[in-house]
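Asker: The following file, start26.txt, comprises compact mmCIF, C-alpha atoms:
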```txt
# COMPACT_ATOMS: atom_id res chain seq x y z
CA GLY A 1 15.91 -0.44 4.27
CA ALA A 2 18.61 0.28 1.73
CA SER A 3 21.59 -2.06 1.73
CA LYS A 4 23.76 -4.04 -0.67
CA ASP A 5 22.21 -7.34 0.39
CA TYR A 6 19.72 -9.17 -1.79
CA SER A 7 16.36 -10.49 -0.63
CA ILE A 8 13.63 -12.72 -2.05
CA HIS A 9 11.02 -11.38 0.39
CA PRO A 10 9.52 -8.23 -1.15
CA ASP A 11 7.98 -9.84 -4.24
CA SER A 12 7.72 -13.56 -3.45
CA LYS A 13 4.21 -14.87 -3.05
CA VAL A 14 2.05 -17.84 -4.01
CA ALA A 15 -1.73 -18.09 -4.08
CA ILE A 16 -4.54 -20.31 -5.22
CA GLN A 17 -8.06 -19.22 -6.04
CA GLY A 18 -11.25 -21.11 -6.78
CA THR A 19 -14.93 -20.46 -7.44
CA TYR A 20 -17.84 -22.82 -6.84
CA ALA A 21 -21.34 -22.30 -8.29
CA PHE A 22 -24.05 -23.22 -5.78
CA THR A 23 -26.86 -22.25 -8.17
CA ASN A 24 -27.16 -20.39 -11.46
CA THR A 25 -27.05 -17.08 -9.58
CA VAL A 26 -25.11 -17.81 -6.37
CA SER A 27 -21.39 -18.66 -6.21
CA GLY A 28 -18.57 -18.66 -3.71
CA THR A 29 -14.96 -17.56 -4.26
CA ALA A 30 -11.92 -18.11 -2.07
CA GLN A 31 -8.30 -17.05 -2.48
CA ILE A 32 -5.53 -18.20 -0.13
CA MET A 33 -2.22 -16.34 -0.34
CA THR A 34 1.17 -16.63 1.31
CA LYS A 35 3.49 -13.63 1.23
CA TYR A 36 6.04 -11.96 3.51
CA ASP A 37 4.11 -10.14 6.23
CA ALA A 38 4.80 -7.27 8.62
CA ASN A 39 6.10 -9.70 11.26
CA GLY A 40 8.66 -11.23 8.91
CA ASP A 41 6.74 -14.48 8.40
CA TYR A 42 5.06 -16.43 5.60
CA ILE A 43 1.64 -17.45 6.91
CA PRO A 44 -1.17 -18.45 4.51
CA ARG A 45 -4.31 -16.35 4.89
CA PHE A 46 -7.62 -15.94 3.14
CA GLU A 47 -7.20 -12.85 1.00
CA TRP A 48 -10.68 -13.40 -0.46
CA ALA A 49 -13.62 -15.44 0.86
CA PHE A 50 -16.96 -14.20 -0.38
CA VAL A 51 -20.37 -15.24 -1.72
CA LYS A 52 -21.73 -13.59 -4.85
CA TRP A 53 -25.37 -13.24 -5.88
CA GLN A 54 -26.09 -12.28 -9.47
CA ALA A 55 -29.40 -10.59 -8.64
CA MET A 56 -29.95 -9.41 -12.21
CA PRO A 57 -27.88 -9.60 -15.40
CA ALA A 58 -26.57 -6.09 -14.65
CA LEU A 59 -26.51 -6.23 -10.82
CA SER A 60 -24.35 -8.38 -8.52
CA VAL A 61 -24.02 -8.37 -4.73
CA ARG A 62 -21.11 -9.85 -2.76
CA ALA A 63 -20.58 -10.43 0.96
CA GLY A 64 -17.51 -11.64 2.86
CA ARG A 65 -13.81 -10.77 2.50
CA MET A 66 -13.01 -9.08 -0.78
CA GLY A 67 -10.29 -7.06 -2.44
CA ALA A 68 -10.39 -3.44 -1.27
CA PRO A 69 -10.99 -1.32 -4.41
CA PHE A 70 -8.71 1.57 -3.48
CA PHE A 71 -6.68 1.53 -6.70
CA MET A 72 -6.82 0.99 -10.43
CA ILE A 73 -5.51 -2.59 -10.22
CA SER A 74 -6.77 -3.53 -6.75
CA ASP A 75 -8.26 -6.85 -7.88
CA PHE A 76 -4.99 -8.13 -9.35
CA ARG A 77 -2.33 -6.08 -7.53
CA ASP A 78 -0.71 -9.30 -6.24
CA VAL A 79 -0.93 -11.16 -9.57
CA GLY A 80 2.47 -10.30 -10.97
CA TYR A 81 1.78 -11.90 -14.35
CA ALA A 82 -1.17 -9.54 -14.91
CA ASN A 83 1.02 -6.45 -14.46
CA THR A 84 3.68 -5.14 -16.82
CA THR A 85 6.00 -4.11 -13.99
CA ILE A 86 7.30 -6.35 -11.22
CA ARG A 87 5.18 -4.68 -8.53
CA PRO A 88 2.52 -1.96 -8.33
CA ASN A 89 4.07 1.47 -8.04
CA LEU A 90 4.93 2.05 -4.37
CA ASP A 91 4.73 5.84 -4.53
CA VAL A 92 0.97 5.34 -4.97
CA TYR A 93 0.19 1.88 -3.58
CA GLY A 94 2.42 2.38 -0.54
CA GLN A 95 -0.02 4.95 0.83
CA VAL A 96 -2.55 2.29 1.89
CA PRO A 97 -1.30 -0.93 3.53
CA VAL A 98 -4.77 -2.54 3.32
CA SER A 99 -5.54 -4.95 0.47
CA SER A 100 -8.87 -6.52 1.53
CA PHE A 101 -11.98 -5.74 3.58
CA GLU A 102 -14.87 -7.61 5.20
CA GLY A 103 -18.31 -6.40 4.29
CA ILE A 104 -20.67 -6.10 1.36
CA ASP A 105 -20.58 -4.51 -2.08
CA ALA A 106 -22.96 -4.09 -4.99
CA THR A 107 -21.95 -3.57 -8.62
CA TYR A 108 -24.19 -2.32 -11.41
CA GLN A 109 -23.05 -2.64 -15.02
CA LEU A 110 -24.36 -0.26 -17.65
CA ASN A 111 -23.67 -0.69 -21.36
CA LEU A 112 -23.77 2.45 -23.47
CA GLY A 113 -23.05 1.38 -27.01
CA SER A 114 -19.48 0.05 -26.97
CA THR A 115 -18.73 1.54 -23.53
CA THR A 116 -19.17 -0.44 -20.31
CA ILE A 117 -19.59 1.46 -17.04
CA ASN A 118 -19.31 -0.37 -13.72
CA THR A 119 -20.44 1.32 -10.51
CA THR A 120 -19.58 -0.35 -7.19
CA LEU A 121 -20.73 0.76 -3.73
CA TYR A 122 -19.23 -0.94 -0.69
CA TYR A 123 -19.30 -0.91 3.11
CA GLY A 124 -17.38 -2.83 5.76
CA THR A 125 -14.33 -3.01 7.98
CA SER A 126 -10.68 -3.81 7.42
CA SER A 127 -7.43 -4.32 9.29
CA ALA A 128 -3.78 -4.76 8.44
CA GLU A 129 -0.44 -5.03 10.16
CA PHE A 130 2.21 -2.60 8.98
CA SER A 131 5.85 -2.14 9.85
CA SER A 132 8.10 0.75 8.92
CA ALA A 133 10.51 0.43 11.84
CA ARG A 134 11.11 -2.88 13.58
CA LYS A 135 13.94 -5.06 14.87
CA LYS A 136 12.77 -8.66 14.85
CA SER A 137 13.75 -10.74 17.87
CA GLY A 138 16.60 -13.10 17.03
CA GLU A 139 18.12 -10.97 14.30
CA PRO A 140 21.61 -9.51 14.82
CA THR A 141 21.37 -6.45 17.00
CA THR A 142 22.79 -3.07 16.15
CA PRO A 143 25.11 -1.37 18.64
CA GLY A 144 23.02 1.06 20.66
CA ALA A 145 19.77 -0.58 19.54
CA VAL A 146 16.61 0.16 21.47
CA THR A 147 13.75 -2.12 22.48
CA PRO A 148 12.48 -4.26 19.55
CA LEU A 149 9.52 -2.68 17.77
CA ASP A 150 6.59 -4.88 16.81
CA ALA A 151 4.40 -4.36 13.78
CA SER A 152 1.58 -1.84 14.18
CA ARG A 153 -2.04 -2.72 13.47
CA PHE A 154 -4.46 -0.46 11.62
CA ASP A 155 -8.22 -0.98 11.95
CA LEU A 156 -10.67 0.70 9.58
CA ASP A 157 -14.29 0.90 10.70
CA ASP A 158 -17.33 2.29 8.89
CA LEU A 159 -15.39 1.86 5.67
CA MET A 160 -17.51 3.00 2.74
CA GLY A 161 -16.80 4.03 -0.78
CA ILE A 162 -17.57 4.15 -4.46
CA ASN A 163 -15.62 2.79 -7.42
CA LEU A 164 -16.44 3.82 -11.01
CA THR A 165 -14.80 2.36 -14.12
CA SER A 166 -15.50 3.04 -17.78
CA GLU A 167 -14.17 0.65 -20.40
CA PHE A 168 -14.06 1.80 -24.02
CA ASP A 169 -13.67 -0.39 -27.10
CA ASN A 170 -10.43 1.35 -28.11
CA GLY A 171 -8.53 -0.20 -25.17
CA LEU A 172 -8.97 2.73 -22.78
CA THR A 173 -10.19 2.28 -19.19
CA LEU A 174 -10.87 5.21 -16.87
CA ARG A 175 -11.39 4.88 -13.12
CA PHE A 176 -12.50 7.05 -10.19
CA GLY A 177 -12.66 5.90 -6.57
CA HIS A 178 -13.28 7.41 -3.15
CA THR A 179 -13.11 5.70 0.25
CA GLN A 180 -13.64 7.05 3.75
CA GLY A 181 -13.77 5.54 7.20
CA LYS A 182 -12.59 5.67 10.81
CA ILE A 183 -9.03 4.55 11.55
CA SER A 184 -7.57 3.25 14.82
CA LEU A 185 -3.96 2.34 15.57
CA SER A 186 -2.56 -0.30 17.91
CA SER A 187 1.17 0.27 18.31
CA SER A 188 3.70 -0.92 20.86
CA SER A 189 5.52 2.41 20.45
CA VAL A 190 2.39 4.40 21.30
CA GLN A 191 1.63 2.05 24.20
CA ALA A 192 5.15 2.54 25.56
CA LEU A 193 4.57 6.30 25.61
CA LEU A 194 1.24 5.83 27.36
CA ASP A 195 2.88 3.57 29.93
CA ALA A 196 5.66 6.10 30.50
CA THR A 197 3.11 8.84 31.20
CA SER A 198 0.70 6.82 33.37
CA ASN A 199 1.81 8.56 36.57
CA PRO A 200 -0.85 11.10 37.67
CA LEU A 201 1.96 13.66 38.03
CA ALA A 202 2.67 13.34 34.29
CA ILE A 203 -0.76 14.52 33.19
CA ALA A 204 0.68 17.19 30.86
CA LEU A 205 2.90 14.62 29.13
CA ARG A 206 -0.01 12.17 28.87
CA THR A 207 -2.13 14.87 27.24
CA ALA A 208 0.64 15.56 24.72
CA VAL A 209 0.78 11.86 23.80
CA ASN A 210 -3.02 11.53 23.54
CA ASN A 211 -3.39 14.64 21.40
CA THR A 212 -0.55 13.78 19.04
CA VAL A 213 0.02 10.06 18.38
CA VAL A 214 -3.01 8.21 19.77
CA ILE A 215 -5.36 7.28 16.90
CA ASP A 216 -8.83 6.10 17.90
CA LYS A 217 -11.54 6.16 15.24
CA GLU A 218 -10.18 9.23 13.46
CA ASP A 219 -11.51 10.30 10.05
CA ILE A 220 -9.48 9.21 7.03
CA SER A 221 -10.17 9.17 3.29
CA PHE A 222 -8.49 8.10 0.06
CA THR A 223 -9.37 9.34 -3.43
CA GLY A 224 -7.90 8.32 -6.75
CA VAL A 225 -8.31 8.63 -10.51
CA GLY A 226 -6.59 6.41 -13.03
CA LEU A 227 -6.33 5.34 -16.62
CA MET A 228 -5.17 2.27 -18.46
CA TYR A 229 -4.66 2.16 -22.23
CA ASP A 230 -3.74 -0.96 -24.17
CA SER A 231 -3.65 -0.63 -27.95
CA GLY A 232 -2.09 -4.04 -28.46
CA ASP A 233 1.34 -2.48 -28.92
CA PHE A 234 1.44 0.40 -26.44
CA ILE A 235 0.53 0.01 -22.77
CA VAL A 236 0.00 3.14 -20.67
CA THR A 237 -1.07 3.19 -17.03
CA GLY A 238 -1.28 6.05 -14.59
CA GLU A 239 -2.92 7.05 -11.31
CA TYR A 240 -3.25 10.20 -9.23
CA THR A 241 -4.24 9.77 -5.57
CA LYS A 242 -4.76 11.74 -2.36
CA ARG A 243 -4.89 10.56 1.26
CA ARG A 244 -6.52 12.83 3.83
CA GLY A 245 -7.12 12.47 7.59
CA ASP A 246 -7.18 14.04 11.03
CA SER A 247 -4.54 11.94 12.82
CA PHE A 248 -0.73 12.09 12.70
CA ILE A 249 -0.90 9.93 9.57
CA SER A 250 0.16 12.52 7.03
CA ASP A 251 -1.90 13.86 4.14
CA THR A 252 -0.20 12.72 0.95
CA THR A 253 -0.42 12.94 -2.83
CA GLY A 254 0.93 10.17 -5.03
CA TRP A 255 1.05 9.72 -8.78
CA TYR A 256 2.76 7.59 -11.43
CA VAL A 257 2.87 7.06 -15.18
CA ASN A 258 4.18 3.86 -16.81
CA VAL A 259 4.59 3.34 -20.57
CA GLY A 260 5.42 0.04 -22.25
CA TYR A 261 5.69 -1.23 -25.83
CA ARG A 262 5.16 -4.84 -26.91
CA TRP A 263 7.84 -6.01 -29.32
CA GLY A 264 7.13 -9.65 -29.98
CA ALA A 265 7.67 -11.54 -26.73
CA PHE A 266 9.44 -8.55 -25.16
CA THR A 267 7.87 -5.51 -23.49
CA PRO A 268 10.33 -2.77 -22.49
CA TYR A 269 8.83 -0.15 -20.19
CA VAL A 270 9.66 3.07 -18.36
CA GLY A 271 7.94 4.94 -15.55
CA VAL A 272 8.12 7.96 -13.27
CA SER A 273 6.33 8.58 -9.98
CA ARG A 274 6.28 10.79 -6.91
CA LEU A 275 4.94 10.76 -3.36
CA THR A 276 4.64 14.07 -1.48
CA VAL A 277 3.50 15.01 2.00
CA ASP A 278 0.91 17.79 1.81
CA ASP A 279 0.27 18.18 5.54
CA ALA A 280 1.86 16.49 8.56
CA ASN A 281 -1.42 17.13 10.48
CA LYS A 282 0.35 17.00 13.86
CA THR A 283 3.38 18.72 15.38
CA ASN A 284 5.31 17.74 18.48
CA PRO A 285 4.06 19.83 21.45
CA LEU A 286 7.17 18.81 23.40
CA ALA A 287 9.66 19.81 20.67
CA PRO A 288 11.56 22.27 22.92
CA ALA A 289 12.49 19.34 25.20
CA LEU A 290 13.89 17.03 22.45
CA GLY A 291 17.47 17.46 23.67
CA ALA A 292 16.70 17.13 27.37
CA LEU A 293 17.85 14.11 29.38
CA SER A 294 14.75 14.16 31.56
CA GLY A 295 11.63 12.04 31.27
CA THR A 296 10.05 14.87 29.33
CA GLY A 297 12.89 14.65 26.80
CA ALA A 298 12.38 10.89 26.42
CA VAL A 299 8.66 11.33 25.76
CA ALA A 300 9.39 14.17 23.32
CA ARG A 301 11.78 11.94 21.38
CA GLY A 302 9.27 9.10 21.38
CA ILE A 303 6.58 11.35 19.91
CA GLN A 304 9.02 12.73 17.33
CA GLY A 305 10.07 9.23 16.31
CA LEU A 306 6.47 8.35 15.47
CA LEU A 307 5.93 11.62 13.60
CA ASN A 308 9.11 11.01 11.59
CA VAL A 309 7.70 7.73 10.24
CA GLN A 310 5.15 9.82 8.34
CA LYS A 311 7.86 11.77 6.50
CA LEU A 312 7.37 9.83 3.28
CA GLU A 313 8.44 12.07 0.40
CA GLN A 314 10.27 10.39 -2.48
CA ARG A 315 10.32 10.12 -6.26
CA THR A 316 11.14 7.17 -8.47
CA ALA A 317 12.34 6.52 -12.02
CA THR A 318 11.81 3.02 -13.42
CA VAL A 319 13.07 1.15 -16.46
CA GLY A 320 12.57 -2.53 -17.18
CA VAL A 321 11.75 -5.26 -19.66
CA ARG A 322 9.29 -8.13 -19.58
CA TRP A 323 9.93 -11.32 -21.56
CA ASP A 324 6.99 -13.68 -22.07
CA PHE A 325 9.28 -16.65 -22.71
CA MET A 326 6.51 -19.25 -22.57
CA PRO A 327 2.72 -19.32 -22.20
CA SER A 328 1.64 -18.26 -18.69
CA ALA A 329 5.19 -17.33 -17.62
CA ALA A 330 7.09 -14.05 -17.78
CA LEU A 331 10.62 -13.10 -16.82
CA LYS A 332 11.12 -9.46 -15.76
CA PHE A 333 14.17 -7.28 -15.16
CA GLN A 334 13.62 -3.92 -13.49
CA PHE A 335 15.78 -1.03 -12.31
CA ASP A 336 14.38 1.63 -9.97
CA GLN A 337 16.15 4.75 -8.79
CA VAL A 338 14.50 6.24 -5.71
CA ARG A 339 15.45 9.74 -4.59
CA LYS A 340 14.38 10.99 -1.18
CA PRO A 341 14.92 14.52 0.14
CA ALA A 342 16.40 15.46 3.49
CA ASP A 343 14.04 15.10 6.46
CA SER A 344 12.27 12.12 4.93
CA PHE A 345 12.43 8.34 5.35
CA GLY A 346 10.59 7.88 2.07
CA LEU A 347 8.94 4.47 2.02
CA PHE A 348 12.07 2.74 3.27
CA TYR A 349 12.01 0.34 6.18
CA THR A 350 14.47 1.11 8.97
CA VAL A 351 15.39 -1.71 11.32
CA ASP A 352 15.94 0.58 14.30
CA PRO A 353 15.07 4.29 14.08
CA GLY A 354 17.15 5.05 17.18
CA THR A 355 20.50 4.37 15.53
CA THR A 356 22.88 6.94 14.06
CA ASP A 357 22.55 5.35 10.61
CA ALA A 358 18.77 5.76 10.71
CA ARG A 359 19.01 9.38 11.82
CA ASN A 360 21.52 10.10 9.07
CA PHE A 361 19.24 8.45 6.50
CA LEU A 362 16.37 10.66 7.69
CA ASN A 363 18.36 13.89 7.69
CA GLU A 364 20.24 13.52 4.39
CA LYS A 365 19.31 13.41 0.72
CA ARG A 366 19.71 9.89 -0.59
CA LYS A 367 19.66 8.18 -3.98
CA VAL A 368 18.91 4.44 -3.80
CA ASN A 369 19.24 2.06 -6.76
CA ILE A 370 17.14 -1.11 -6.72
CA VAL A 371 17.65 -4.01 -9.12
CA SER A 372 14.89 -6.64 -9.31
CA VAL A 373 14.48 -9.90 -11.22
CA ALA A 374 11.24 -11.87 -11.12
CA ILE A 375 9.51 -14.81 -12.76
CA ASP A 376 5.73 -14.55 -12.71
CA VAL A 377 3.67 -17.68 -13.39
CA VAL A 378 -0.06 -18.32 -13.58
CA PHE A 379 -1.53 -21.81 -13.66
```
As a first step, turn the structure in this file into structure tokens.
Answerer:
Amino acid sequence: GASKDYSIHPDSKVAIQGTYAFTNTVSGTAQIMTKYDANGDYIPRFEWAFVKWQAMPALSVRAGRMGAPFFMISDFRDVGYANTTIRPNLDVYGQVPVSSFEGIDATYQLNLGSTTINTTLYYGTSSAEFSSARKKSGEPTTPGAVTPLDASRFDLDDLMGINLTSEFDNGLTLRFGHTQGKISLSSSSVQALLDATSNPLAIALRTAVNNTVVIDKEDISFTGVGLMYDSGDFIVTGEYTKRRGDSFISDTTGWYVNVGYRWGAFTPYVGVSRLTVDDANKTNPLAPALGALSGTGAVARGIQGLLNVQKLEQRTATVGVRWDFMPSAALKFQFDQVRKPADSFGLFYTVDPGTTDARNFLNEKRKVNIVSVAIDVVF
């Protein structure tokens, strides 16, 4: 959440990647990464582990665990040195907590004069743990705190999509992508509501929970267009994205534009972005009972708490500078001002959504200033 404390967790990560050629046309690639996860731990995991077959000079096929191509910079979103800013823009990249998938993809490369067009089709499954409201066991408790909330798990089945990129010789790259699949949610908060309504006499409450916050193989899609322009001096990146679905996961639109200028070893940059909620998709059928002290009131508040997590609207202004002070190393300073409207959590993490502070943060307009310093190194 927003506080005056500092933290090394959001942007600290280390990874190693290697490729081995089995034959002239078959190779294997693995990438192991350690970064702060949804459970508050640093545990190394295989981000990539795939085999690639270069079937023809213009056609390649991969199978295994690969980067999920949802965004413009999906393949190097975690490689800080490859990006001008400290981190990918959260108003866009925060819409999808999945960074890899298990399955198969095929890429065909077409050269039209000086333009290169890459078309990728893919199919598979994916999963990720995500936490927007959690109180980790062992951390100082907040007066009036409720039961600790564990990270939720999203599973994507029948994940399929297309990714198109066009690279021009003037430094311009254009991208279009569309992904769709079936999403399921495993959540201790949802399970607690199901447990609380397991009594046969609570059939109406159980129906309200099932119809509102239970997600089991629901349709979801993500579509985005983007551009990247690098003239040698000017660097411009931008994306426009939409998330759509049938569950209580809200329909959203996110966009950003970043502009930088290389001045010797220094690259100052500015950016603006916005995330809006287009449709909440679900409303609380027990809303009239929110203030009641009965079991119905408790279930109503539990449903509302989950719906509130999907109130994500915010906008961000960014200014920063990158200093390439030595080969393969860059020092970055960045200032972000995030503004969220009333009745929105934005993309902020709240330790315990049941506290007065959390409710005030949800109900009030807030302006949050974030100062970041990072050193990015490749080796």
Asker: Between A:Thr116, A:Thr34, A:Thr107, A:Gln95, which has the minimum distance to Asp251 in chain A (counting all atoms listed in the file)?
Answerer: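 Of A:Thr116, A:Thr34, A:Thr107, A:Gln95, the one nearest Asp251 in chain A is A:Gln95, counting all atoms listed in the file.
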Asker: Using Å and a single decimal, report how far CA of Gly232 in chain A sits from CA of Gly177 in chain A.
Answerer: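 Between these atoms lies a distance of 26.3 Å.
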Asker: Could you tell me, as a short mmCIF file (atom, residue, chain, number, x, y, z; two decimals) with C-alpha atoms, keeping the file's coordinate frame, which residues have any atom at most 9 Å from (-2.6, 4.0, -4.3), counting all atoms listed in the file?
Answerer:
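Saved file selection.cif follows:
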```cif
data_model
loop_
_atom_site.label_atom_id
_atom_site.label_comp_id
_atom_site.auth_asym_id
_atom_site.auth_seq_id
_atom_site.Cartn_x
_atom_site.Cartn_y
_atom_site.Cartn_z
CA PHE A 70 -8.71 1.57 -3.48
CA PHE A 71 -6.68 1.53 -6.70
CA MET A 72 -6.82 0.99 -10.43
CA SER A 74 -6.77 -3.53 -6.75
CA PRO A 88 2.52 -1.96 -8.33
CA ASN A 89 4.07 1.47 -8.04
CA LEU A 90 4.93 2.05 -4.37
CA ASP A 91 4.73 5.84 -4.53
CA VAL A 92 0.97 5.34 -4.97
CA TYR A 93 0.19 1.88 -3.58
CA GLY A 94 2.42 2.38 -0.54
CA GLN A 95 -0.02 4.95 0.83
CA VAL A 96 -2.55 2.29 1.89
CA PHE A 222 -8.49 8.10 0.06
CA THR A 223 -9.37 9.34 -3.43
CA GLY A 224 -7.90 8.32 -6.75
CA GLU A 239 -2.92 7.05 -11.31
CA TYR A 240 -3.25 10.20 -9.23
CA THR A 241 -4.24 9.77 -5.57
CA LYS A 242 -4.76 11.74 -2.36
CA ARG A 243 -4.89 10.56 1.26
CA GLY A 254 0.93 10.17 -5.03
CA TRP A 255 1.05 9.72 -8.78
#
```
Asker: Under the rule that only C-alpha atoms are counted, which of A:Tyr269, A:Phe176, A:Phe130, A:Phe248 is the nearest residue to Phe234 in chain A?
Answerer: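 Distance minimum relative to Phe234 in chain A lands on A:Tyr269.
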Asker: Need to verify the contact set: Thr29 in chain A, 9 Å, only C-alpha atoms, exclusion of same-chain residues closer than 3 positions in sequence. Can you return it as number ranges by chain?
Answerer: A: 17-21, 48-52
Asker: Please, what distance in Å, to one decimal, runs between CA of Thr25 in chain A and CA of Pro57 in chain A?
Answerer: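 CA of Pro57 in chain A lies 9.5 Å from CA of Thr25 in chain A.
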Asker: Please identify all polymer residues within 9 Å of range 296-312 of chain A, counting only C-alpha atoms, omitting same-chain residues fewer than 5 positions from it, and present them as number ranges by chain.
Answerer: A: 132-133, 189-190, 192-193, 196-197, 205, 208-209, 212-213, 248-250, 252, 275-277, 280, 282-291, 340, 343-348, 353-354, 362
